[in-house]
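Asks: Coordinates in structure10.cif, mmCIF, C-alpha atoms, are listed below.
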```
data_start
#
loop_
_atom_site.label_atom_id
_atom_site.label_comp_id
_atom_site.auth_asym_id
_atom_site.auth_seq_id
_atom_site.Cartn_x
_atom_site.Cartn_y
_atom_site.Cartn_z
CA MET Z 1 63.90 -169.99 -172.99
CA THR Z 2 62.49 -172.15 -175.77
CA ALA Z 3 60.32 -170.71 -178.51
CA ASP Z 4 56.58 -171.27 -178.45
CA PRO Z 5 55.82 -174.12 -180.91
CA ALA Z 6 52.70 -172.23 -182.06
CA ASP Z 7 54.85 -169.26 -183.06
CA GLU Z 8 57.30 -171.54 -184.88
CA ILE Z 9 54.45 -173.30 -186.72
CA ALA Z 10 52.78 -170.00 -187.66
CA ALA Z 11 56.12 -168.75 -189.03
CA ALA Z 12 56.67 -171.96 -191.02
CA LEU Z 13 53.15 -171.73 -192.48
CA ALA Z 14 53.77 -168.10 -193.45
CA THR Z 15 57.04 -169.14 -195.11
CA LEU Z 16 55.24 -171.80 -197.12
CA ARG Z 17 52.51 -169.35 -198.15
CA GLY Z 18 55.17 -166.97 -199.39
CA ARG Z 19 56.77 -169.68 -201.55
CA ARG Z 20 53.66 -170.78 -203.42
CA PRO Z 21 54.09 -170.68 -207.17
CA ARG Z 22 52.59 -167.61 -208.78
CA PRO Z 23 49.71 -168.00 -211.20
CA PRO Z 24 50.88 -167.72 -214.82
CA PHE Z 25 50.76 -164.22 -216.27
CA GLY Z 26 49.85 -162.75 -212.87
CA GLY Z 27 46.53 -164.64 -212.88
CA GLY Z 28 43.81 -163.61 -210.52
CA HIS Z 29 43.75 -159.96 -211.56
CA GLY Z 30 40.17 -158.83 -211.80
CA ARG Z 31 38.74 -162.24 -210.93
CA PRO Z 32 37.70 -163.35 -207.47
CA HIS Z 33 39.67 -166.13 -205.85
CA PRO Z 34 37.62 -169.37 -205.81
CA HIS Z 35 37.67 -169.36 -202.00
CA GLU Z 36 36.82 -165.67 -201.58
CA HIS Z 37 34.17 -164.90 -199.02
CA PRO Z 38 32.77 -161.36 -199.25
CA GLY Z 39 32.03 -159.13 -196.29
CA HIS Z 40 34.98 -159.66 -193.94
CA GLY Z 41 34.83 -156.20 -192.39
CA ALA Z 42 34.77 -152.73 -193.84
CA HIS Z 43 37.75 -150.52 -194.45
CA PRO Z 44 37.35 -146.79 -195.02
CA PHE Z 45 39.23 -146.81 -198.33
CA HIS Z 46 37.16 -149.36 -200.22
CA GLY Z 47 34.60 -151.14 -198.06
CA GLY Z 48 36.43 -154.47 -197.90
CA PRO Z 49 39.06 -155.98 -195.66
CA PRO Z 50 42.00 -153.64 -195.12
CA TRP Z 51 44.31 -155.78 -197.25
CA GLY Z 52 41.80 -156.57 -200.00
CA ASP Z 53 41.03 -154.85 -203.23
CA PRO Z 54 37.50 -155.39 -204.59
CA GLY Z 55 38.57 -155.01 -208.21
CA GLN Z 56 41.40 -157.53 -207.93
CA GLY Z 57 40.06 -160.34 -205.76
CA ARG Z 58 41.91 -162.11 -202.99
CA PHE Z 59 45.25 -162.33 -204.84
CA ALA Z 60 45.80 -158.59 -204.43
CA GLY Z 61 45.05 -158.81 -200.72
CA VAL Z 62 47.39 -161.72 -200.09
CA ALA Z 63 50.22 -160.07 -202.03
CA ARG Z 64 49.67 -156.80 -200.16
CA LEU Z 65 49.71 -158.61 -196.83
CA ARG Z 66 52.93 -160.45 -197.78
CA MET Z 67 54.47 -157.08 -198.71
CA LEU Z 68 53.55 -155.64 -195.32
CA ASP Z 69 54.79 -158.75 -193.54
CA ALA Z 70 58.13 -158.50 -195.39
CA LEU Z 71 58.47 -154.82 -194.49
CA VAL Z 72 57.68 -155.45 -190.81
CA SER Z 73 60.19 -158.33 -190.71
CA ALA Z 74 62.96 -156.36 -192.47
CA SER Z 75 65.64 -154.63 -190.43
CA ALA Z 76 65.51 -151.58 -192.71
CA PRO Z 77 63.26 -150.12 -195.43
CA LEU Z 78 63.22 -152.16 -198.66
CA SER Z 79 63.54 -151.23 -202.32
CA VAL Z 80 60.76 -152.17 -204.73
CA SER Z 81 63.03 -154.91 -206.14
CA GLU Z 82 63.54 -156.35 -202.66
CA ILE Z 83 59.79 -156.25 -202.08
CA ALA Z 84 59.20 -158.05 -205.39
CA ASP Z 85 61.60 -160.81 -204.33
CA ALA Z 86 60.09 -161.10 -200.85
CA VAL Z 87 56.49 -161.22 -202.13
CA GLY Z 88 57.18 -163.39 -205.17
CA VAL Z 89 55.89 -160.99 -207.81
CA ASP Z 90 57.50 -159.11 -210.69
CA GLN Z 91 58.76 -155.55 -210.23
CA PRO Z 92 55.79 -153.81 -211.94
CA ARG Z 93 53.38 -155.70 -209.65
CA ALA Z 94 55.49 -154.77 -206.61
CA SER Z 95 55.39 -151.10 -207.71
CA ARG Z 96 51.58 -151.29 -207.88
CA LEU Z 97 51.44 -152.91 -204.44
CA VAL Z 98 53.60 -150.13 -203.01
CA GLN Z 99 51.44 -147.46 -204.67
CA GLN Z 100 48.27 -149.05 -203.26
CA GLY Z 101 49.92 -149.32 -199.84
CA VAL Z 102 50.85 -145.62 -199.96
CA GLN Z 103 47.28 -144.69 -200.91
CA MET Z 104 45.97 -146.78 -198.01
CA HIS Z 105 48.53 -145.22 -195.60
CA LEU Z 106 50.03 -148.66 -194.88
CA VAL Z 107 53.49 -147.85 -196.29
CA GLU Z 108 55.48 -144.76 -197.17
CA ARG Z 109 58.30 -144.04 -199.57
CA GLU Z 110 61.54 -142.37 -198.55
CA THR Z 111 64.68 -141.39 -200.42
CA ASP Z 112 67.45 -143.95 -200.25
CA PRO Z 113 70.22 -142.28 -198.18
CA GLU Z 114 72.89 -144.04 -200.25
CA ASP Z 115 71.43 -143.16 -203.68
CA ALA Z 116 69.07 -140.20 -203.94
CA ARG Z 117 67.73 -141.50 -207.28
CA ARG Z 118 66.18 -144.52 -205.54
CA THR Z 119 63.40 -144.81 -203.04
CA ARG Z 120 62.94 -147.26 -200.24
CA VAL Z 121 59.67 -148.32 -198.65
CA ARG Z 122 58.86 -148.54 -194.96
CA VAL Z 123 55.74 -149.73 -193.20
CA THR Z 124 53.65 -147.13 -191.32
CA PRO Z 125 52.27 -147.62 -187.81
CA GLU Z 126 48.87 -148.42 -189.40
CA GLY Z 127 50.51 -151.11 -191.54
CA GLU Z 128 52.31 -152.51 -188.49
CA ARG Z 129 48.99 -152.72 -186.59
CA LEU Z 130 47.41 -154.58 -189.51
CA VAL Z 131 50.24 -157.14 -189.69
CA SER Z 132 50.25 -157.56 -185.92
CA GLY Z 133 46.53 -158.32 -185.94
CA VAL Z 134 46.84 -160.85 -188.75
CA ARG Z 135 49.82 -162.52 -187.07
CA GLY Z 136 47.88 -162.71 -183.80
CA ARG Z 137 44.89 -164.34 -185.50
CA ARG Z 138 47.21 -166.80 -187.27
CA ARG Z 139 48.94 -167.68 -183.99
CA ASP Z 140 45.55 -168.11 -182.26
CA ALA Z 141 44.36 -170.43 -185.04
CA VAL Z 142 47.53 -172.52 -184.75
CA ARG Z 143 47.15 -172.74 -180.97
CA SER Z 144 43.55 -173.87 -181.40
CA ALA Z 145 44.58 -176.55 -183.91
CA LEU Z 146 47.28 -177.75 -181.50
CA ALA Z 147 44.94 -178.05 -178.51
CA SER Z 148 44.81 -181.86 -178.65
CA PHE Z 149 48.60 -182.24 -179.09
CA THR Z 150 50.89 -183.02 -176.18
CA ASP Z 151 53.77 -180.63 -175.47
CA ALA Z 152 56.18 -183.12 -177.04
CA GLU Z 153 53.99 -183.46 -180.15
CA ARG Z 154 53.76 -179.66 -180.51
CA ALA Z 155 57.52 -179.30 -180.32
CA GLU Z 156 58.13 -182.16 -182.77
CA PHE Z 157 55.52 -180.88 -185.22
CA ALA Z 158 57.06 -177.38 -185.07
CA ARG Z 159 60.52 -178.82 -185.68
CA LEU Z 160 59.38 -180.95 -188.64
CA LEU Z 161 57.21 -178.27 -190.25
CA THR Z 162 60.00 -175.71 -189.94
CA LYS Z 163 62.44 -178.17 -191.53
CA PHE Z 164 59.89 -178.82 -194.31
CA ALA Z 165 59.29 -175.09 -194.92
CA ASP Z 166 63.03 -174.37 -195.01
CA ALA Z 167 63.49 -177.12 -197.63
CA TRP Z 168 60.52 -176.00 -199.78
CA PRO Z 169 61.68 -174.78 -203.21
CA GLN Z 170 61.65 -171.01 -203.70
CA GLY Z 171 59.39 -169.39 -206.30
#
```
Could you rewrite the structure in this file as structure tokens?

Replies:
Amino acid sequence: MTADPADEIAAALATLRGRRPRPPFGGGHGRPHPHEHPGHGAHPFHGGPPWGDPGQGRFAGVARLRMLDALVSASAPLSVSEIADAVGVDQPRASRLVQQGVQMHLVERETDPEDARRTRVRVTPEGERLVSGVRGRRRDAVRSALASFTDAERAEFARLLTKFADAWPQG
């Protein structure tokens, strides 16, 4: 069975989003993103979208969502260092993302079975539901954008975009 080109394209786009260069000095903290649009649904913890943070603008939400996506995609819980690498942030920022995720019940810490001095982070069922919903909306948007493509064009575009994303420089 061949993979759905929309799924392949959505995955390639997510890969590219994860490899964008970070703003210098962790820019974006405390300032809204220039494309931020307020009022995208309330969340019981802070009145904004479930991955947003009103005091930190869109950057915090995108980083948090990338953290959750990395945890859902991982085969086992991740260390804070592994999360930092996956999200493209420094370790202190990753620690803050984990702490915020714990407070929002999206992730939980557990003791590393191989080294009791370390902790690992796993996504909670609530965090998994959030990622699943975002992935579904992304896949739906890709399918909508591909509506005028032929089957052959969809497959070729998926192949080329995946090749492009795989070749994109890290960090």

Asks: Go through Z:Glu114, Z:Glu126, Z:Asp90, Z:Glu108 one by one, measure the shortest atom-to-atom distance of each to Ala63 of chain Z using all atoms listed in the file, and give the residue with the smallest value.

Replies: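 Ranking Z:Glu114, Z:Glu126, Z:Asp90, Z:Glu108 by distance to Ala63 of chain Z, first place goes to Z:Asp90.
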
Asks: Using the chain letters and numbers from the file, which residues does the PyMOL selection byres ((chain Z and resi 10) around 9) grab, as a list in words?

Replies: Pro5, Ala6, Asp7, Glu8, Ile9, Ala11, Ala12, Leu13, Ala14, Thr15, Arg135, Arg138, Arg139, Ala141, Val142 and Ala158 of chain Z

Asks: Let's have the selection written as a compact mmCIF listing (two decimals), in the frame of the given file, with C-alpha atoms.

Replies:
```txt
# COMPACT_ATOMS: atom_id res chain seq x y z
CA PRO Z 5 55.82 -174.12 -180.91
CA ALA Z 6 52.70 -172.23 -182.06
CA ASP Z 7 54.85 -169.26 -183.06
CA GLU Z 8 57.30 -171.54 -184.88
CA ILE Z 9 54.45 -173.30 -186.72
CA ALA Z 11 56.12 -168.75 -189.03
CA ALA Z 12 56.67 -171.96 -191.02
CA LEU Z 13 53.15 -171.73 -192.48
CA ALA Z 14 53.77 -168.10 -193.45
CA THR Z 15 57.04 -169.14 -195.11
CA ARG Z 135 49.82 -162.52 -187.07
CA ARG Z 138 47.21 -166.80 -187.27
CA ARG Z 139 48.94 -167.68 -183.99
CA ALA Z 141 44.36 -170.43 -185.04
CA VAL Z 142 47.53 -172.52 -184.75
CA ALA Z 158 57.06 -177.38 -185.07
```

Asks: Show which residues sit within 9 Å of Leu78 of chain Z, as a list in words. Count all atoms listed in the file, and ignore same-chain residues fewer than 5 positions away.

Replies: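 In the requested format, the answer is Ala70, Leu71, Ile83, Thr119, Arg120, Val121 and Arg122 of chain Z.
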
Asks: Hey, can you check how far atom CA of Glu110 of chain Z sits from atom CA of Gly133 of chain Z?

Replies: 25.3 Å

Asks: Can you measure atom CA of Arg93 of chain Z to atom CA of Val80 of chain Z for me? One decimal in Å is fine.

Replies: 9.5 Å

Asks: Grab the atom CA of Met104 of chain Z to atom CA of Ser75 of chain Z distance for me, in Å with one decimal place.

Replies: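 That distance, rounded to one decimal, is 22.5 Å.
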
Asks: Hey, which of Z:Leu68, Z:Ala76, Z:Leu161, Z:Val89 ends up closest to Leu130 of chain Z? Count all atoms listed in the file.

Replies: Z:Leu68

Asks: Could you model N, CA, C and O atoms for segment 148-166 of chain Z and present them as a tab-separated table (two decimals), in the frame of the given file?

Replies:
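Below is the file part_19.tsv, written as the result:
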```
chain	number	residue	atom	x	y	z
Z	148	SER	N	44.82	-180.44	-179.01
Z	148	SER	CA	44.81	-181.86	-178.65
Z	148	SER	C	46.21	-182.50	-178.69
Z	148	SER	O	46.35	-183.67	-178.39
Z	149	PHE	N	47.23	-181.73	-179.04
Z	149	PHE	CA	48.60	-182.24	-179.09
Z	149	PHE	C	49.22	-182.18	-177.70
Z	149	PHE	O	48.95	-181.27	-176.93
Z	150	THR	N	50.10	-183.11	-177.41
Z	150	THR	CA	50.89	-183.02	-176.18
Z	150	THR	C	52.00	-181.99	-176.41
Z	150	THR	O	52.28	-181.59	-177.56
Z	151	ASP	N	52.65	-181.57	-175.33
Z	151	ASP	CA	53.77	-180.63	-175.47
Z	151	ASP	C	54.86	-181.20	-176.38
Z	151	ASP	O	55.41	-180.48	-177.22
Z	152	ALA	N	55.15	-182.48	-176.21
Z	152	ALA	CA	56.18	-183.12	-177.04
Z	152	ALA	C	55.75	-183.15	-178.51
Z	152	ALA	O	56.57	-182.92	-179.41
Z	153	GLU	N	54.48	-183.43	-178.76
Z	153	GLU	CA	53.99	-183.46	-180.15
Z	153	GLU	C	54.04	-182.06	-180.77
Z	153	GLU	O	54.40	-181.92	-181.95
Z	154	ARG	N	53.69	-181.03	-180.01
Z	154	ARG	CA	53.76	-179.66	-180.51
Z	154	ARG	C	55.19	-179.30	-180.91
Z	154	ARG	O	55.42	-178.76	-181.99
Z	155	ALA	N	56.12	-179.61	-180.04
Z	155	ALA	CA	57.52	-179.30	-180.32
Z	155	ALA	C	58.03	-180.07	-181.54
Z	155	ALA	O	58.72	-179.51	-182.40
Z	156	GLU	N	57.67	-181.35	-181.64
Z	156	GLU	CA	58.13	-182.16	-182.77
Z	156	GLU	C	57.49	-181.69	-184.07
Z	156	GLU	O	58.14	-181.60	-185.11
Z	157	PHE	N	56.20	-181.38	-184.02
Z	157	PHE	CA	55.52	-180.88	-185.22
Z	157	PHE	C	56.15	-179.56	-185.66
Z	157	PHE	O	56.40	-179.35	-186.86
Z	158	ALA	N	56.42	-178.65	-184.74
Z	158	ALA	CA	57.06	-177.38	-185.07
Z	158	ALA	C	58.42	-177.62	-185.71
Z	158	ALA	O	58.77	-176.99	-186.71
Z	159	ARG	N	59.19	-178.52	-185.14
Z	159	ARG	CA	60.52	-178.82	-185.68
Z	159	ARG	C	60.42	-179.36	-187.11
Z	159	ARG	O	61.11	-178.90	-188.01
Z	160	LEU	N	59.52	-180.32	-187.31
Z	160	LEU	CA	59.38	-180.95	-188.64
Z	160	LEU	C	58.81	-179.98	-189.67
Z	160	LEU	O	59.28	-179.94	-190.82
Z	161	LEU	N	57.80	-179.21	-189.29
Z	161	LEU	CA	57.21	-178.27	-190.25
Z	161	LEU	C	58.20	-177.18	-190.61
Z	161	LEU	O	58.29	-176.78	-191.78
Z	162	THR	N	58.97	-176.71	-189.65
Z	162	THR	CA	60.00	-175.71	-189.94
Z	162	THR	C	61.05	-176.28	-190.89
Z	162	THR	O	61.46	-175.63	-191.86
Z	163	LYS	N	61.48	-177.51	-190.65
Z	163	LYS	CA	62.44	-178.17	-191.53
Z	163	LYS	C	61.86	-178.30	-192.94
Z	163	LYS	O	62.53	-178.04	-193.93
Z	164	PHE	N	60.58	-178.68	-193.03
Z	164	PHE	CA	59.89	-178.82	-194.31
Z	164	PHE	C	59.82	-177.47	-195.02
Z	164	PHE	O	60.14	-177.36	-196.22
Z	165	ALA	N	59.41	-176.42	-194.32
Z	165	ALA	CA	59.29	-175.09	-194.92
Z	165	ALA	C	60.64	-174.58	-195.40
Z	165	ALA	O	60.74	-173.98	-196.47
Z	166	ASP	N	61.69	-174.82	-194.60
Z	166	ASP	CA	63.03	-174.37	-195.01
Z	166	ASP	C	63.52	-175.09	-196.27
Z	166	ASP	O	64.27	-174.54	-197.05
```
